[in-house]
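J.: Okay, handing you the structure first.
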Amino acid sequence: MRWARSARWVLPMGPALFLLLAFFAGPILWTVWASLTNAALTGAQAAQTEFVGIANFERLIADTRFREATVLTVLFLVGCVFGQTVLGLTLALLMRNRHGAVRATVGAIVVGAWVVPEVVAGFVWYAFLEREGSFNAILGFFGAEPQNWLFTAPLLAVVLANIWKGTAFSMMTYSAGLSEVPDDLKEAARVDGASSFQVLVHVVLPLLRRTLATTLLLITLQTVQVFTLIFVMTSGGPGARSTTLPLLMYQEALRMGDLGYGTAIALALLVVAGLFSVVYVWMLSREEQR
Amino acid sequence: MRGTPRNTTRAVAAAALLSLVAAGCSSGADRDENTVRVAYQKFGTFIAMDSLMRKVKEEFEADNPDVTVELHAIEAQAEDYQTQVNLMNGSPSEAPDLIYQDTFTINQDADAGYLMPLDDHFDTWEDAELFSEQEAEAVTSLDGTRYGVMLGTDVRGLWYRTDLLEQAGVDTPWEPATWDEVLDAARVVQEEHGDAVVPLNVYSGTPAGEAASLQGFQMLLSGTDDGLFEESSEQWVSSSAGFTESLEFVRTIFDEGLTHDPQDALDANIATVNNEERFPGGEMAISLEGSWATQSWIEGANQPWPEWEEHMEFTRMPTRSGQGEGATSMSGGWALSMGAHATDPDLAWQVMTHTLNQENAVKFAVEGGQIPVRSDVAEDPGFLEAAPKAEQFAELVDITGFRPAYSEYPRVSLAIQEAMEVVMLGEATPEEAAELYSQELESIVGPDNVTDGS
């Protein structure tokens, strides 16, 4: 009867398992395999793909473009995650105990940015920051010389755009987390004579720790793979000054048709995201133990 | 087993259904024998192919009621267009039957097994003898097989606005004999018109893509004593004097402000803006550009400019100090090729020959600003009337050069664009950029395939 018992849980899970294997594990395994070959979009290698061992990874390590892209990816990630967290948390804190109408209005505006498709968001920011855009019109009012911000400060421009777009997500999770903080704890602290700031630092934030770690993890994974926004705004330029790993991957795999090398970069991207995740999980478990 | 059989049965049924659905997705719909799928590019000022294929679809379907010509107009830059077509080619059920194809990618796509040899079909075609020798070379692979039929070719040179040059005191017709004379003209235009006019456009940097490499850099390099590829030794040339001299030219125009601001030059839409706005608006004086620029101005263009013939003239791009033939040009050209998985090659060939017939070839040559490869098109009165510069272009066909059609070329071309970009941004001197290029070149083609050209 043992097989029947296991069939009782295996069979209902079958469809889910099948979907996971076919659409999740499958592509990942294919990526790992492709990164070990010289697969290409065209040319003789497309007709006869050969196993090349770790050649793609050796090339990766020697490639200065890859190194620059990794640094840019980390800068982009840190900038976005820091900006989104501070802004999202501040907004969530400010919106606590406000009138319903205020919360609804602010919420709608912030979430609006999040709902907008990435292509549209990218274009909105392109139109805002380019030389004839609204930002320069505002600066021009104060007598500043117009400049194309996507050209003079490309990384900063895409970081700002991504923070603008992503803040809503942080704000919503922090709002949810804040509503979980019991009021009696805060009141007890106030009775003991703590100022609002002290209540925030010593009562609210420690209780928000788990939400914070989870949100950081989620937005890191979202941010590390941002492609559309950067592609629309700068295409990775000027030069390679905003070419993060996803853009480099696109250039190598699709522009150059080198699928093998492109997938190797994809795996490197996975490593970067993984490292950040490990750090968060480690921070969380260390806090738990205390 | 307490009442579980029914649940188990349901689960099994669900799983079976799901796998059926999945199987249905993966096998793909069977191709209809009577449908001919055509993939072509439509981008920016280039709408001539779209206009041609719509006409062909209408005519061919009227003559053959049971046949459908399925048009896939891909709106993308040349590089992205090729990527998309290659992705389609990768899956036989998605692959196009007819492909609008840049002739210099024919070798790599033939190697990949994406293309159908066309020798048998072409040899029995009554129009075959009208095609030029140059056409045959461009669509024949390194192993001597024909993989396409060319639609048209092009040359490159200097387009200029006569009124802006005359106002600056430059005599027209302008016939610069050296690079210095080109620069001098740009300088006087700048003195006369100041910031209102871009004196000289030379495509540079990665956003312009192949335009920077071919219209920009290689038009300069081919006017020096060096080249990109040494045919005799079949090696790529690194750090030649000509390479540095060409970058020197790029530095001069950006340093002296004789061209766009770098930020405008690094706009991916620069070619469209140049030809649809800057030239017609009198905001640009000279442009190193392809012979097809007229497609932006003629009737039927996105923004027609009926008076272009009064303002625009074309002249040859001189070599650096007037050496050699005194002038230079580079050429490319696009062809129609047939997919290796074409459902009915004979039917696809019929659509192809209909697209390439005399009447349609004239239409494409006029609207696409092309140099015809069919002798009966080159002599056609309708073409000669609509293409007033045809004679000047034809003269350049004798001295024009081609890109090395090897599969490493796209990567080498990118390295060139990057070298230009660091120079135009002032991040490196021409010597340093040439050195960067040499290193990049070695890593692309391997140290054994590189020569210093001496």
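Letters A, B, ... mark the chains of the structure tokens in the order given; residue numbers begin at 1 per chain; ligand numbers begin at 1, in order shown.
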Please tabulate, as CSV, the residues of chain A that come within 9 Å of chain B, each with its closest pair of atoms and the distance in Å to one decimal, counting only C-alpha atoms and ordering rows by chain, then residue number upward.
T.:
residue,atom,partner,partner_atom,distance
A:Met1,CA,B:Met1,CA,8.8
A:Ala4,CA,B:Met1,CA,7.8
A:Arg5,CA,B:Met1,CA,8.1
A:Ala7,CA,B:Thr8,CA,8.0
A:Arg8,CA,B:Thr8,CA,6.8
A:Leu11,CA,B:Ala11,CA,5.9
A:Pro12,CA,B:Ala11,CA,5.2
A:Met13,CA,B:Ala11,CA,8.2
A:Gly14,CA,B:Ala15,CA,6.3
A:Pro15,CA,B:Ala15,CA,5.2
A:Phe18,CA,B:Ala15,CA,8.3
A:Leu19,CA,B:Leu18,CA,9.0
A:Leu41,CA,B:Asn86,CA,6.1
A:Thr42,CA,B:Ala112,CA,5.3
A:Gly43,CA,B:Gln108,CA,4.0
A:Ala44,CA,B:Asp111,CA,4.5
A:Gln45,CA,B:Ala112,CA,6.8
A:Ala46,CA,B:Ala112,CA,5.1
A:Ala47,CA,B:Ala112,CA,4.6
A:Gln48,CA,B:Ala112,CA,7.9
A:Arg131,CA,B:Gln263,CA,9.0
A:Gln147,CA,B:Gln263,CA,8.8
A:Asn148,CA,B:Gln263,CA,7.0
A:Leu150,CA,B:Gln263,CA,8.9
A:Phe151,CA,B:Gln263,CA,6.2
A:Thr152,CA,B:Gln263,CA,8.6
A:Ser235,CA,B:Pro207,CA,8.0
A:Gly237,CA,B:Pro207,CA,7.9
A:Pro238,CA,B:Leu266,CA,7.1
A:Gly239,CA,B:Glu421,CA,6.6
A:Leu254,CA,B:Thr83,CA,6.0
A:Arg255,CA,B:Glu79,CA,6.5
A:Met256,CA,B:Arg411,CA,6.7
A:Gly257,CA,B:Thr83,CA,7.2
J.: At a cut-off of 8 Å, using only C-alpha atoms, what residues contact Ser239 (chain B)? Leave out same-chain residues fewer than 3 positions from it and give the result as an MDAnalysis selection string.
T.: chainID B and resid 243:244 434:435 437:438 452
J.: Residues near region 366-373 of chain B, anyone? I mean within 10 Å using only C-alpha atoms, not counting same-chain ones fewer than 5 positions away, as a ChimeraX atom specification.
T.: /B:45-49,51-52,130-136,149-155,290-301,333-334,360-361,378-379,382-387,389-391,393-394,397
J.: Write out the residues from the selection above, keeping N, CA and C atoms, as a short mmCIF file (atom, residue, chain, number, x, y, z; two decimals), in the first residue's frame.
T.:
data_model
loop_
_atom_site.label_atom_id
_atom_site.label_comp_id
_atom_site.auth_asym_id
_atom_site.auth_seq_id
_atom_site.Cartn_x
_atom_site.Cartn_y
_atom_site.Cartn_z
N THR B 45 13.59 55.94 -41.82
CA THR B 45 13.28 56.47 -43.14
C THR B 45 13.14 55.36 -44.18
N PHE B 46 13.45 54.12 -43.78
CA PHE B 46 13.42 53.02 -44.76
C PHE B 46 12.05 52.35 -44.79
N ILE B 47 11.19 52.80 -45.72
CA ILE B 47 9.88 52.18 -45.84
C ILE B 47 9.69 51.59 -47.23
N ALA B 48 10.77 51.64 -48.05
CA ALA B 48 10.66 51.20 -49.44
C ALA B 48 10.33 49.72 -49.54
N MET B 49 10.92 48.89 -48.67
CA MET B 49 10.68 47.46 -48.74
C MET B 49 9.24 47.14 -48.36
N SER B 51 6.66 49.08 -48.71
CA SER B 51 5.81 49.51 -49.81
C SER B 51 5.88 48.51 -50.97
N LEU B 52 7.08 47.99 -51.24
CA LEU B 52 7.26 47.01 -52.31
C LEU B 52 6.51 45.71 -52.00
N LEU B 130 20.31 39.61 -66.91
CA LEU B 130 20.26 41.06 -66.74
C LEU B 130 21.03 41.52 -65.49
N PHE B 131 21.33 40.57 -64.61
CA PHE B 131 21.98 40.96 -63.36
C PHE B 131 23.49 41.12 -63.54
N SER B 132 24.06 42.09 -62.82
CA SER B 132 25.48 42.42 -63.01
C SER B 132 26.37 41.40 -62.34
N GLU B 133 27.65 41.46 -62.68
CA GLU B 133 28.64 40.57 -62.08
C GLU B 133 28.81 40.86 -60.60
N GLN B 134 28.74 42.14 -60.30
CA GLN B 134 28.87 42.57 -58.91
C GLN B 134 27.78 41.92 -58.05
N GLU B 135 26.60 41.82 -58.63
CA GLU B 135 25.47 41.20 -57.94
C GLU B 135 25.80 39.75 -57.61
N ALA B 136 26.32 39.02 -58.59
CA ALA B 136 26.62 37.61 -58.38
C ALA B 136 27.64 37.42 -57.26
N VAL B 149 19.23 36.75 -54.36
CA VAL B 149 19.24 37.63 -55.52
C VAL B 149 19.19 39.05 -54.99
N MET B 150 20.14 39.86 -55.46
CA MET B 150 20.28 41.19 -54.89
C MET B 150 19.19 42.14 -55.37
N LEU B 151 18.70 42.96 -54.47
CA LEU B 151 17.69 43.96 -54.80
C LEU B 151 18.31 45.25 -55.30
N GLY B 152 19.43 45.62 -54.70
CA GLY B 152 20.07 46.86 -55.10
C GLY B 152 21.32 47.07 -54.29
N THR B 153 22.19 47.96 -54.77
CA THR B 153 23.40 48.24 -54.02
C THR B 153 23.44 49.74 -53.73
N ASP B 154 24.54 50.20 -53.13
CA ASP B 154 24.61 51.61 -52.76
C ASP B 154 26.06 52.06 -52.77
N VAL B 155 26.28 53.35 -52.71
CA VAL B 155 27.62 53.90 -52.52
C VAL B 155 27.50 54.97 -51.44
N GLY B 290 25.00 57.71 -47.07
CA GLY B 290 24.77 56.77 -48.17
C GLY B 290 24.00 57.40 -49.32
N SER B 291 24.11 56.78 -50.48
CA SER B 291 23.41 57.29 -51.66
C SER B 291 21.90 57.22 -51.49
N TRP B 292 21.45 56.39 -50.51
CA TRP B 292 20.00 56.20 -50.34
C TRP B 292 19.34 57.33 -49.58
N ALA B 293 20.10 58.37 -49.20
CA ALA B 293 19.52 59.45 -48.40
C ALA B 293 18.27 60.03 -49.04
N THR B 294 18.18 59.95 -50.38
CA THR B 294 17.04 60.52 -51.09
C THR B 294 15.71 59.90 -50.66
N GLN B 295 15.76 58.66 -50.11
CA GLN B 295 14.50 58.01 -49.74
C GLN B 295 13.75 58.78 -48.65
N SER B 296 14.46 59.67 -47.93
CA SER B 296 13.79 60.46 -46.89
C SER B 296 13.09 61.68 -47.47
N TRP B 297 13.38 62.00 -48.72
CA TRP B 297 12.91 63.28 -49.27
C TRP B 297 11.86 63.13 -50.36
N ILE B 298 11.89 61.97 -51.04
CA ILE B 298 11.01 61.81 -52.20
C ILE B 298 9.54 61.72 -51.78
N GLU B 299 8.70 61.85 -52.76
CA GLU B 299 7.27 61.68 -52.57
C GLU B 299 7.03 60.27 -52.00
N GLY B 300 6.20 60.18 -51.00
CA GLY B 300 5.94 58.87 -50.41
C GLY B 300 6.78 58.61 -49.17
N ALA B 301 7.76 59.50 -48.88
CA ALA B 301 8.56 59.37 -47.67
C ALA B 301 7.71 59.78 -46.47
N GLY B 333 24.64 46.28 -49.63
CA GLY B 333 23.50 45.97 -50.48
C GLY B 333 22.70 44.84 -49.86
N TRP B 334 21.41 44.82 -50.18
CA TRP B 334 20.54 43.82 -49.59
C TRP B 334 19.96 42.93 -50.68
N ASN B 360 8.98 46.15 -60.50
CA ASN B 360 9.16 46.28 -59.06
C ASN B 360 10.57 46.73 -58.69
N ALA B 361 11.55 46.29 -59.47
CA ALA B 361 12.93 46.69 -59.20
C ALA B 361 13.09 48.20 -59.41
N ALA B 378 18.68 50.07 -64.66
CA ALA B 378 19.63 51.19 -64.72
C ALA B 378 19.34 52.08 -65.93
N GLU B 379 18.82 51.48 -67.03
CA GLU B 379 18.57 52.26 -68.24
C GLU B 379 17.13 52.75 -68.34
N GLY B 382 12.13 55.93 -66.49
CA GLY B 382 11.43 56.30 -65.25
C GLY B 382 12.40 56.39 -64.09
N PHE B 383 13.35 55.44 -64.05
CA PHE B 383 14.34 55.46 -62.98
C PHE B 383 15.26 56.66 -63.11
N LEU B 384 15.76 56.88 -64.34
CA LEU B 384 16.72 57.97 -64.54
C LEU B 384 16.10 59.33 -64.21
N GLU B 385 14.82 59.45 -64.48
CA GLU B 385 14.16 60.72 -64.19
C GLU B 385 13.99 60.93 -62.69
N ALA B 386 13.64 59.82 -62.00
CA ALA B 386 13.37 59.93 -60.57
C ALA B 386 14.64 59.92 -59.74
N ALA B 387 15.75 59.50 -60.32
CA ALA B 387 17.00 59.42 -59.57
C ALA B 387 18.05 60.28 -60.25
N LYS B 389 20.68 61.69 -59.42
CA LYS B 389 22.10 61.54 -59.10
C LYS B 389 22.66 60.19 -59.55
N ALA B 390 21.83 59.40 -60.25
CA ALA B 390 22.21 58.03 -60.58
C ALA B 390 23.57 57.95 -61.29
N GLU B 391 23.83 58.91 -62.17
CA GLU B 391 25.06 58.85 -62.93
C GLU B 391 26.30 59.02 -62.04
N PHE B 393 26.45 58.33 -58.87
CA PHE B 393 26.61 57.12 -58.06
C PHE B 393 27.28 56.02 -58.88
N ALA B 394 26.83 55.88 -60.12
CA ALA B 394 27.35 54.80 -60.96
C ALA B 394 28.86 54.92 -61.14
N VAL B 397 30.77 53.21 -58.41
CA VAL B 397 30.71 51.75 -58.33
C VAL B 397 32.06 51.14 -58.71
#
J.: Could you name the residues that touch Ala137 (chain A) at 12 Å or less, counting only C-alpha atoms, but leaving out those on the same chain fewer than 4 positions away, as number ranges by chain?
T.: A: 127-133, 141-148
J.: Between CA of Ala188 (chain A) and CA of Arg96 (chain A), measure the distance and give it in Å to one decimal.
T.: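 Computed distance, CA of Ala188 (chain A) to CA of Arg96 (chain A), equals 18.5 Å.
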J.: Report, in Å to a single decimal, how far apart CA of Ala186 (chain B) and CA of Thr259 (chain B) are.
T.: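 Separation between CA of Thr259 (chain B) and CA of Ala186 (chain B): 8.4 Å.
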J.: Could you check which of A:Ser6, A:Thr73, A:Ser285, A:Ser277 is closest to Leu221 (chain A), using only C-alpha atoms?
T.: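 Among A:Ser6, A:Thr73, A:Ser285, A:Ser277, it is A:Ser277 that comes nearest to Leu221 (chain A).
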J.: Give me the residues near Gly260 (chain A) as an MDAnalysis selection string, where near means some atom within 6 Å (using only C-alpha atoms) and where sequence neighbours in that chain fewer than 6 positions away do not count.
T.: chainID A and resid 34:35 37:39
